[in-house]
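structure_31.cif follows (mmCIF, C-alpha atoms):
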data_structure
#
loop_
_atom_site.label_atom_id
_atom_site.label_comp_id
_atom_site.auth_asym_id
_atom_site.auth_seq_id
_atom_site.Cartn_x
_atom_site.Cartn_y
_atom_site.Cartn_z
CA MET C 1 -26.18 -9.42 -2.70
CA LEU C 2 -23.01 -10.72 -4.37
CA ILE C 3 -21.90 -7.20 -5.19
CA ASN C 4 -22.00 -6.35 -1.47
CA TYR C 5 -19.68 -9.23 -0.62
CA ILE C 6 -17.32 -8.18 -3.39
CA GLY C 7 -17.42 -4.63 -2.03
CA ALA C 8 -16.48 -5.94 1.42
CA LEU C 9 -13.24 -7.26 -0.11
CA ARG C 10 -12.31 -3.67 -1.10
CA PRO C 11 -10.99 -4.66 -4.55
CA ARG C 12 -9.86 -1.09 -5.24
CA GLN C 13 -7.30 -1.54 -2.47
CA TRP C 14 -5.67 -4.40 -4.36
CA ILE C 15 -3.68 -1.87 -6.36
CA LYS C 16 -1.37 -1.64 -3.31
CA ASN C 17 -0.25 -5.21 -3.92
CA PHE C 18 1.39 -4.31 -7.24
CA VAL C 19 4.46 -3.42 -5.17
CA ILE C 20 5.06 -7.19 -5.09
CA PHE C 21 6.28 -6.86 -8.68
CA ALA C 22 9.14 -4.53 -7.65
CA GLY C 23 11.43 -7.47 -6.97
CA ILE C 24 11.02 -9.10 -10.37
CA ILE C 25 11.15 -5.80 -12.30
CA PHE C 26 14.39 -4.65 -10.66
CA SER C 27 16.12 -8.04 -10.83
CA HIS C 28 16.42 -8.52 -14.60
CA LYS C 29 13.95 -11.40 -14.42
CA PHE C 30 10.78 -9.74 -15.61
CA PHE C 31 10.59 -11.78 -18.81
CA GLU C 32 11.18 -15.17 -17.19
CA THR C 33 7.81 -16.85 -17.65
CA ASP C 34 7.92 -19.15 -14.62
CA LEU C 35 8.88 -16.31 -12.27
CA ILE C 36 6.33 -13.84 -13.62
CA CYS C 37 3.60 -16.49 -13.27
CA LYS C 38 4.75 -17.12 -9.71
CA THR C 39 4.67 -13.40 -8.94
CA ILE C 40 1.17 -13.03 -10.42
CA ALA C 41 0.03 -15.92 -8.21
CA ALA C 42 1.55 -14.15 -5.19
CA PHE C 43 -0.23 -10.93 -6.18
CA ILE C 44 -3.59 -12.74 -6.21
CA ASP C 45 -2.70 -14.51 -2.97
CA PHE C 46 -1.86 -11.22 -1.22
CA CYS C 47 -5.10 -9.66 -2.49
CA LEU C 48 -7.07 -12.41 -0.74
CA LEU C 49 -4.99 -12.07 2.42
CA ALA C 50 -5.37 -8.29 2.52
CA SER C 51 -9.13 -8.58 1.92
CA SER C 52 -9.50 -10.91 4.90
CA ILE C 53 -7.81 -8.27 7.06
CA TYR C 54 -9.99 -5.48 5.64
CA ILE C 55 -13.09 -7.48 6.60
CA ILE C 56 -11.83 -8.17 10.12
CA ASN C 57 -10.98 -4.49 10.54
CA ASP C 58 -14.43 -3.45 9.30
CA ILE C 59 -16.07 -5.82 11.77
CA LYS C 60 -14.03 -4.46 14.66
CA ASP C 61 -14.67 -0.82 13.68
CA LEU C 62 -18.34 -1.38 12.89
CA GLU C 63 -19.74 1.18 15.33
CA THR C 64 -17.20 3.94 14.67
CA ASP C 65 -17.42 3.45 10.89
CA ARG C 66 -21.14 4.20 11.12
CA LEU C 67 -20.20 7.68 12.36
CA HIS C 68 -17.91 8.31 9.38
CA PRO C 69 -19.44 10.15 6.37
CA VAL C 70 -17.81 7.75 3.87
CA LYS C 71 -17.04 4.54 5.77
CA ARG C 72 -20.66 4.22 6.90
CA LEU C 73 -21.48 3.27 3.30
CA ARG C 74 -19.26 0.18 3.37
CA PRO C 75 -21.17 -3.13 3.10
CA ILE C 76 -20.55 -4.25 6.70
CA ALA C 77 -21.08 -0.84 8.32
CA SER C 78 -24.27 -0.29 6.32
CA GLY C 79 -25.62 -3.71 7.28
CA LYS C 80 -25.70 -5.03 3.72
CA VAL C 81 -23.32 -7.80 4.80
CA GLY C 82 -24.02 -9.43 8.16
CA VAL C 83 -21.28 -9.74 10.77
CA GLY C 84 -21.58 -13.54 10.88
CA SER C 85 -21.23 -13.86 7.11
CA ALA C 86 -18.34 -11.41 7.15
CA TRP C 87 -16.47 -13.50 9.74
CA ILE C 88 -16.92 -16.64 7.66
CA LEU C 89 -15.69 -14.86 4.53
CA ALA C 90 -12.67 -13.44 6.35
CA VAL C 91 -11.64 -16.84 7.75
CA VAL C 92 -12.08 -18.59 4.38
CA LEU C 93 -9.99 -15.94 2.60
CA ALA C 94 -7.26 -16.08 5.24
CA VAL C 95 -7.02 -19.88 5.10
CA ILE C 96 -6.97 -19.99 1.30
CA SER C 97 -4.32 -17.26 1.05
CA LEU C 98 -2.03 -18.68 3.74
CA VAL C 99 -2.25 -22.20 2.31
CA GLY C 100 -1.54 -20.74 -1.11
CA ALA C 101 1.45 -18.84 0.29
CA TYR C 102 2.82 -22.05 1.80
CA LEU C 103 2.50 -23.84 -1.53
CA LEU C 104 4.25 -21.02 -3.38
CA GLU C 105 7.40 -20.70 -1.26
CA PHE C 106 8.08 -21.27 2.44
CA ASN C 107 9.93 -18.00 3.15
CA TYR C 108 7.20 -16.12 1.32
CA PHE C 109 4.69 -17.92 3.55
CA ILE C 110 6.59 -16.71 6.66
CA LEU C 111 6.39 -13.11 5.46
CA ALA C 112 2.69 -13.52 4.64
CA CYS C 113 2.13 -14.74 8.21
CA ILE C 114 4.09 -11.80 9.63
CA TYR C 115 1.99 -9.42 7.53
CA PHE C 116 -1.25 -11.06 8.63
CA ILE C 117 -0.35 -11.08 12.33
CA GLY C 118 0.98 -7.52 12.15
CA MET C 119 -2.20 -6.21 10.55
CA ILE C 120 -4.38 -8.07 13.04
CA LEU C 121 -2.40 -6.49 15.88
CA TYR C 122 -2.84 -3.15 14.15
CA SER C 123 -6.61 -3.63 14.05
CA MET C 124 -6.68 -4.67 17.71
CA PHE C 125 -4.59 -1.96 19.36
CA LEU C 126 -1.63 -0.63 17.35
CA LYS C 127 -3.93 1.67 15.37
CA HIS C 128 -4.54 3.57 18.61
CA MET C 129 -0.84 4.43 19.10
CA VAL C 130 0.17 7.77 17.62
CA ILE C 131 2.86 7.59 14.88
CA VAL C 132 3.16 3.81 15.41
CA ASP C 133 -0.09 3.37 13.48
CA LEU C 134 1.39 5.15 10.44
CA ILE C 135 4.62 3.15 10.57
CA ILE C 136 2.76 -0.17 10.78
CA ILE C 137 0.69 0.58 7.68
CA ALA C 138 3.79 1.73 5.78
CA GLY C 139 5.56 -1.42 6.97
CA GLY C 140 2.86 -3.44 5.23
CA PHE C 141 3.96 -1.97 1.89
CA VAL C 142 7.59 -2.83 2.60
CA LEU C 143 6.66 -6.39 3.53
CA ARG C 144 4.88 -6.75 0.20
CA ALA C 145 8.00 -5.64 -1.67
CA VAL C 146 10.24 -7.98 0.35
CA ALA C 147 7.78 -10.86 -0.12
CA GLY C 148 7.88 -10.39 -3.88
CA ALA C 149 11.68 -10.57 -3.86
CA VAL C 150 11.85 -13.53 -1.47
CA LEU C 151 9.33 -15.40 -3.60
CA ILE C 152 11.64 -15.48 -6.61
CA GLN C 153 14.77 -15.70 -4.44
CA VAL C 154 16.42 -12.43 -5.41
CA THR C 155 18.00 -9.77 -3.22
CA ILE C 156 16.11 -6.52 -3.21
CA SER C 157 18.14 -3.32 -2.99
CA SER C 158 18.23 -1.65 0.41
CA TRP C 159 17.79 1.67 -1.41
CA LEU C 160 14.62 0.35 -3.03
CA LEU C 161 13.28 -0.66 0.38
CA VAL C 162 14.03 2.83 1.69
CA CYS C 163 12.17 4.35 -1.27
CA THR C 164 9.21 2.03 -0.69
CA THR C 165 9.12 2.99 2.98
CA PHE C 166 9.05 6.70 2.30
CA ILE C 167 6.51 6.58 -0.53
CA ALA C 168 4.29 4.41 1.68
CA LEU C 169 4.57 6.91 4.53
CA PHE C 170 3.80 9.71 2.07
CA LEU C 171 0.55 8.02 1.01
CA VAL C 172 -0.43 7.01 4.54
CA ILE C 173 0.17 10.44 6.08
CA SER C 174 -1.62 12.17 3.21
CA LYS C 175 -4.59 9.88 3.80
CA ARG C 176 -4.53 10.66 7.52
CA ARG C 177 -4.48 14.38 6.79
CA HIS C 178 -7.52 14.06 4.55
CA GLU C 179 -9.36 12.11 7.25
CA VAL C 180 -8.58 14.68 9.93
CA MET C 181 -9.62 17.58 7.71
CA LEU C 182 -12.80 15.80 6.56
CA LEU C 183 -14.04 14.94 10.05
CA GLY C 184 -12.94 18.19 11.68
CA GLU C 185 -14.26 18.44 15.22
CA ASN C 186 -15.92 15.02 14.87
CA ALA C 187 -12.55 13.28 14.39
CA LYS C 188 -12.30 12.29 18.06
CA GLY C 189 -15.77 10.74 17.95
CA HIS C 190 -14.74 8.50 15.06
CA ARG C 191 -11.30 7.49 16.31
CA LYS C 192 -9.71 8.95 19.42
CA ILE C 193 -6.22 8.72 17.89
CA LEU C 194 -7.18 11.30 15.26
CA GLU C 195 -7.16 14.09 17.85
CA GLU C 196 -3.42 13.48 18.21
CA TYR C 197 -2.85 14.53 14.60
CA GLY C 198 -3.18 18.25 13.99
CA ASP C 199 -3.08 19.52 10.41
CA LYS C 200 0.19 21.42 11.00
CA PHE C 201 1.87 18.33 12.44
CA LEU C 202 0.73 16.23 9.48
CA ASP C 203 1.88 18.91 7.02
CA GLN C 204 5.35 18.82 8.56
CA MET C 205 5.45 15.04 8.32
CA ILE C 206 4.34 15.15 4.67
CA ALA C 207 7.07 17.70 3.87
CA ILE C 208 9.73 15.47 5.46
CA VAL C 209 8.69 12.23 3.75
CA THR C 210 8.22 14.01 0.40
CA ALA C 211 11.81 15.25 0.47
CA ALA C 212 13.04 11.88 1.73
CA THR C 213 11.20 10.01 -1.02
CA LEU C 214 12.64 12.13 -3.81
CA MET C 215 16.16 12.15 -2.39
CA SER C 216 16.26 8.41 -1.67
CA TYR C 217 15.01 7.55 -5.16
CA MET C 218 17.51 9.85 -6.86
CA LEU C 219 20.34 8.44 -4.75
CA TYR C 220 19.17 4.93 -5.62
CA THR C 221 19.36 5.63 -9.35
CA VAL C 222 22.98 6.84 -9.14
CA ALA C 223 24.23 4.50 -6.42
CA PRO C 224 27.35 2.53 -7.51
CA ARG C 225 25.60 -0.77 -6.76
CA THR C 226 22.64 0.22 -8.96
CA VAL C 227 24.85 1.33 -11.84
CA LYS C 228 26.91 -1.87 -11.57
CA GLU C 229 23.87 -4.14 -11.35
CA PHE C 230 22.02 -2.63 -14.31
CA GLU C 231 25.19 -1.71 -16.24
CA THR C 232 23.81 1.74 -16.99
CA GLU C 233 23.76 5.22 -15.52
CA ASN C 234 20.53 6.09 -17.29
CA LEU C 235 18.10 5.14 -14.53
CA ILE C 236 18.36 8.75 -13.37
CA LEU C 237 16.25 9.58 -16.44
CA THR C 238 13.20 8.14 -14.66
CA THR C 239 13.32 10.77 -11.91
CA PRO C 240 11.24 13.42 -13.77
CA PHE C 241 8.26 11.03 -13.73
CA VAL C 242 8.72 10.39 -10.01
CA LEU C 243 9.06 14.11 -9.36
CA TYR C 244 5.92 14.91 -11.34
CA GLY C 245 4.00 12.06 -9.70
CA ILE C 246 4.83 13.25 -6.19
CA PHE C 247 4.01 16.88 -6.98
CA ARG C 248 0.80 15.88 -8.74
CA TYR C 249 -0.29 13.91 -5.70
CA LEU C 250 0.50 16.86 -3.43
CA TYR C 251 -1.57 19.06 -5.72
CA LEU C 252 -4.52 16.68 -5.41
CA VAL C 253 -4.15 16.51 -1.62
CA TYR C 254 -3.83 20.25 -0.97
CA GLN C 255 -5.65 21.88 -3.88
CA LYS C 256 -8.36 19.33 -4.62
CA GLU C 257 -8.77 17.96 -1.09
CA GLN C 258 -8.23 14.40 -2.23
CA GLY C 259 -5.89 11.78 -0.79
CA GLY C 260 -8.38 10.08 1.52
CA HIS C 261 -8.50 7.15 -0.88
CA PRO C 262 -5.07 6.72 -2.52
CA GLU C 263 -6.32 3.80 -4.61
CA ARG C 264 -9.01 5.99 -6.19
CA VAL C 265 -6.56 8.78 -6.87
CA LEU C 266 -4.11 6.37 -8.51
CA LEU C 267 -6.84 4.81 -10.64
CA GLU C 268 -8.86 7.90 -11.57
CA ASP C 269 -6.40 10.77 -12.03
CA LEU C 270 -5.23 10.51 -15.63
CA PRO C 271 -2.10 12.72 -15.35
CA LEU C 272 -0.92 10.69 -12.36
CA MET C 273 -1.67 7.41 -14.13
CA ALA C 274 0.28 8.64 -17.16
CA ALA C 275 3.29 9.53 -14.99
CA ILE C 276 3.28 6.09 -13.36
CA LEU C 277 2.94 4.32 -16.71
CA LEU C 278 5.75 6.37 -18.25
CA TRP C 279 7.95 5.65 -15.24
CA VAL C 280 7.34 1.90 -15.53
CA VAL C 281 7.94 1.84 -19.30
CA THR C 282 11.06 4.00 -19.07
CA ALA C 283 12.49 1.94 -16.18
CA VAL C 284 11.88 -1.35 -18.01
CA VAL C 285 13.43 -0.03 -21.25
CA ILE C 286 16.52 1.23 -19.39
CA ILE C 287 16.96 -1.86 -17.22
CA TYR C 288 16.36 -4.39 -19.99
#
So that I can check it, write out the structure of this file as structure tokens.
Amino acid sequence: MLINYIGALRPRQWIKNFVIFAGIIFSHKFFETDLICKTIAAFIDFCLLASSIYIINDIKDLETDRLHPVKRLRPIASGKVGVGSAWILAVVLAVISLVGAYLLEFNYFILACIYFIGMILYSMFLKHMVIVDLIIIAGGFVLRAVAGAVLIQVTISSWLLVCTTFIALFLVISKRRHEVMLLGENAKGHRKILEEYGDKFLDQMIAIVTAATLMSYMLYTVAPRTVKEFETENLILTTPFVLYGIFRYLYLVYQKEQGGHPERVLLEDLPLMAAILLWVVTAVVIIY
């Protein structure tokens, strides 16, 4: 029974919250013990907050999830976790995480509240608005990055926020494409909004955000402010890993029909994991 409740938290999705560490990594403060401990606490806090939202969303989408070939296996949709118990768990997680956010830092708490309210609104009706639904989910990634910077009271680069926005849109749109292709003619029966997304439209959007992601990151690495802040022009050397990572993900989406679960792809595809690890190590070595 416990495993079902843990499954309802969607722990695989917690990988998204690692973007909280962007602020401390790109601020020359990564090795300051008190700040790294604070950021780790925020990471755990955001995991609890995100899980509460996942549970609420699963409760709301209970009937439609039962029509989905994959989502019907989730603990709540399959009936392994009762709706009443799920509500209690969601409320407890939300309270613990928001209280924890308040204790960590007030401005961080404000952003956590904005994230929570925004995702609740998404679950209620924003998810049914074409294009807006994609932007809201991507905005959640950006809020995580900003929250991580606000927590340790550093200014996060506007270029880095742009990069985060585009990579988030890339992942979100790729996931939407996989969902549309997987459900086919049954897409409308699962979620009416899916009929608004044709495969050609999604392919065009993916092409745009892919180019925007690569260009914005490359411009970030050579921007005068970046060079001045890190006192090096070598950050451009990290771009091959970003380039490979993006292309590898596109390969998995189009050639292997993956992308429906970004967290699984990021955790299970060894070449992609290697590219991410090499990017992190190279960036840290260059910056520090």
### Top pick for closest residue to C:Ser27, considering C:Asp45, C:Asp61, C:Glu229, C:Glu105 and counting only C-alpha atoms
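For C:Ser27, the nearest of the given residues is C:Glu229.
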### Query
So which one's closest to C:Arg248, C:Val19, C:Ala207, C:Ile236, C:Leu266? Using all atoms listed in the file, please.
C:Leu266
### Query
Out of C:Lys228, C:Lys256, C:Lys192, C:Arg10, which residue has the shortest atom-to-atom distance to C:Thr64 when counting all atoms listed in the file?
C:Lys192
### Message
Quick check on the file I pasted: which residues fall under the PyMOL selection byres ((chain C and resi 161) around 10)? Write them as a PyMOL selection string.
### Response
chain C and resi 22+141-143+145-146+156-160+162-167+216
Requested write-out: C-alpha atoms of the selected residues, as a PDB file, in the frame of the given file:
ATOM      1  CA  ALA C  22       9.140  -4.530  -7.650  1.00  0.00           C
ATOM      2  CA  PHE C 141       3.960  -1.970   1.890  1.00  0.00           C
ATOM      3  CA  VAL C 142       7.590  -2.830   2.600  1.00  0.00           C
ATOM      4  CA  LEU C 143       6.660  -6.390   3.530  1.00  0.00           C
ATOM      5  CA  ALA C 145       8.000  -5.640  -1.670  1.00  0.00           C
ATOM      6  CA  VAL C 146      10.240  -7.980   0.350  1.00  0.00           C
ATOM      7  CA  ILE C 156      16.110  -6.520  -3.210  1.00  0.00           C
ATOM      8  CA  SER C 157      18.140  -3.320  -2.990  1.00  0.00           C
ATOM      9  CA  SER C 158      18.230  -1.650   0.410  1.00  0.00           C
ATOM     10  CA  TRP C 159      17.790   1.670  -1.410  1.00  0.00           C
ATOM     11  CA  LEU C 160      14.620   0.350  -3.030  1.00  0.00           C
ATOM     12  CA  VAL C 162      14.030   2.830   1.690  1.00  0.00           C
ATOM     13  CA  CYS C 163      12.170   4.350  -1.270  1.00  0.00           C
ATOM     14  CA  THR C 164       9.210   2.030  -0.690  1.00  0.00           C
ATOM     15  CA  THR C 165       9.120   2.990   2.980  1.00  0.00           C
ATOM     16  CA  PHE C 166       9.050   6.700   2.300  1.00  0.00           C
ATOM     17  CA  ILE C 167       6.510   6.580  -0.530  1.00  0.00           C
ATOM     18  CA  SER C 216      16.260   8.410  -1.670  1.00  0.00           C
TER      19      SER C 216
END
### Message
For a test of reading the model, state the distance in Å between atom CA of C:Thr39 and atom CA of C:Ile110, rounded to one decimal.
### Response
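That distance, rounded to one decimal, is 16.1 Å.
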Which residues are close to C:Leu126, i.e. within 8 Å by all atoms listed in the file, leaving aside same-chain residues fewer than 6 positions away? Reply as an mmCIF file with C-alpha atoms, keeping the file's coordinate frame.
data_model
loop_
_atom_site.group_PDB
_atom_site.id
_atom_site.type_symbol
_atom_site.label_atom_id
_atom_site.label_comp_id
_atom_site.auth_asym_id
_atom_site.auth_seq_id
_atom_site.Cartn_x
_atom_site.Cartn_y
_atom_site.Cartn_z
ATOM 1 C CA VAL C 132 3.160 3.810 15.410
ATOM 2 C CA ASP C 133 -0.090 3.370 13.480
ATOM 3 C CA ILE C 136 2.760 -0.170 10.780
#
#### Entry: Selection under test: the PyMOL selection byres ((chain C and resi 68-82) around 12); residues as number ranges by chain
C: 1-10, 54-67, 83-89, 179-180, 182-184, 186-191, 260-261
### Task
Pick out the closest residue to C:Leu103 from this set: C:Tyr115, C:Ile173, C:Gly140, C:Leu151. Count only C-alpha atoms.
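Using only C-alpha atoms, C:Leu103 sits closest to C:Leu151.
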## Note on the structure
Residue with the minimum atom-to-atom distance to C:Gly100, picked from C:Leu49, C:Ala138, C:Met218, C:Ile117 with only C-alpha atoms counted, is C:Leu49
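Of note, atom CA of C:Pro224 and atom CA of C:Gly139 are spaced 26.5 Å apart.
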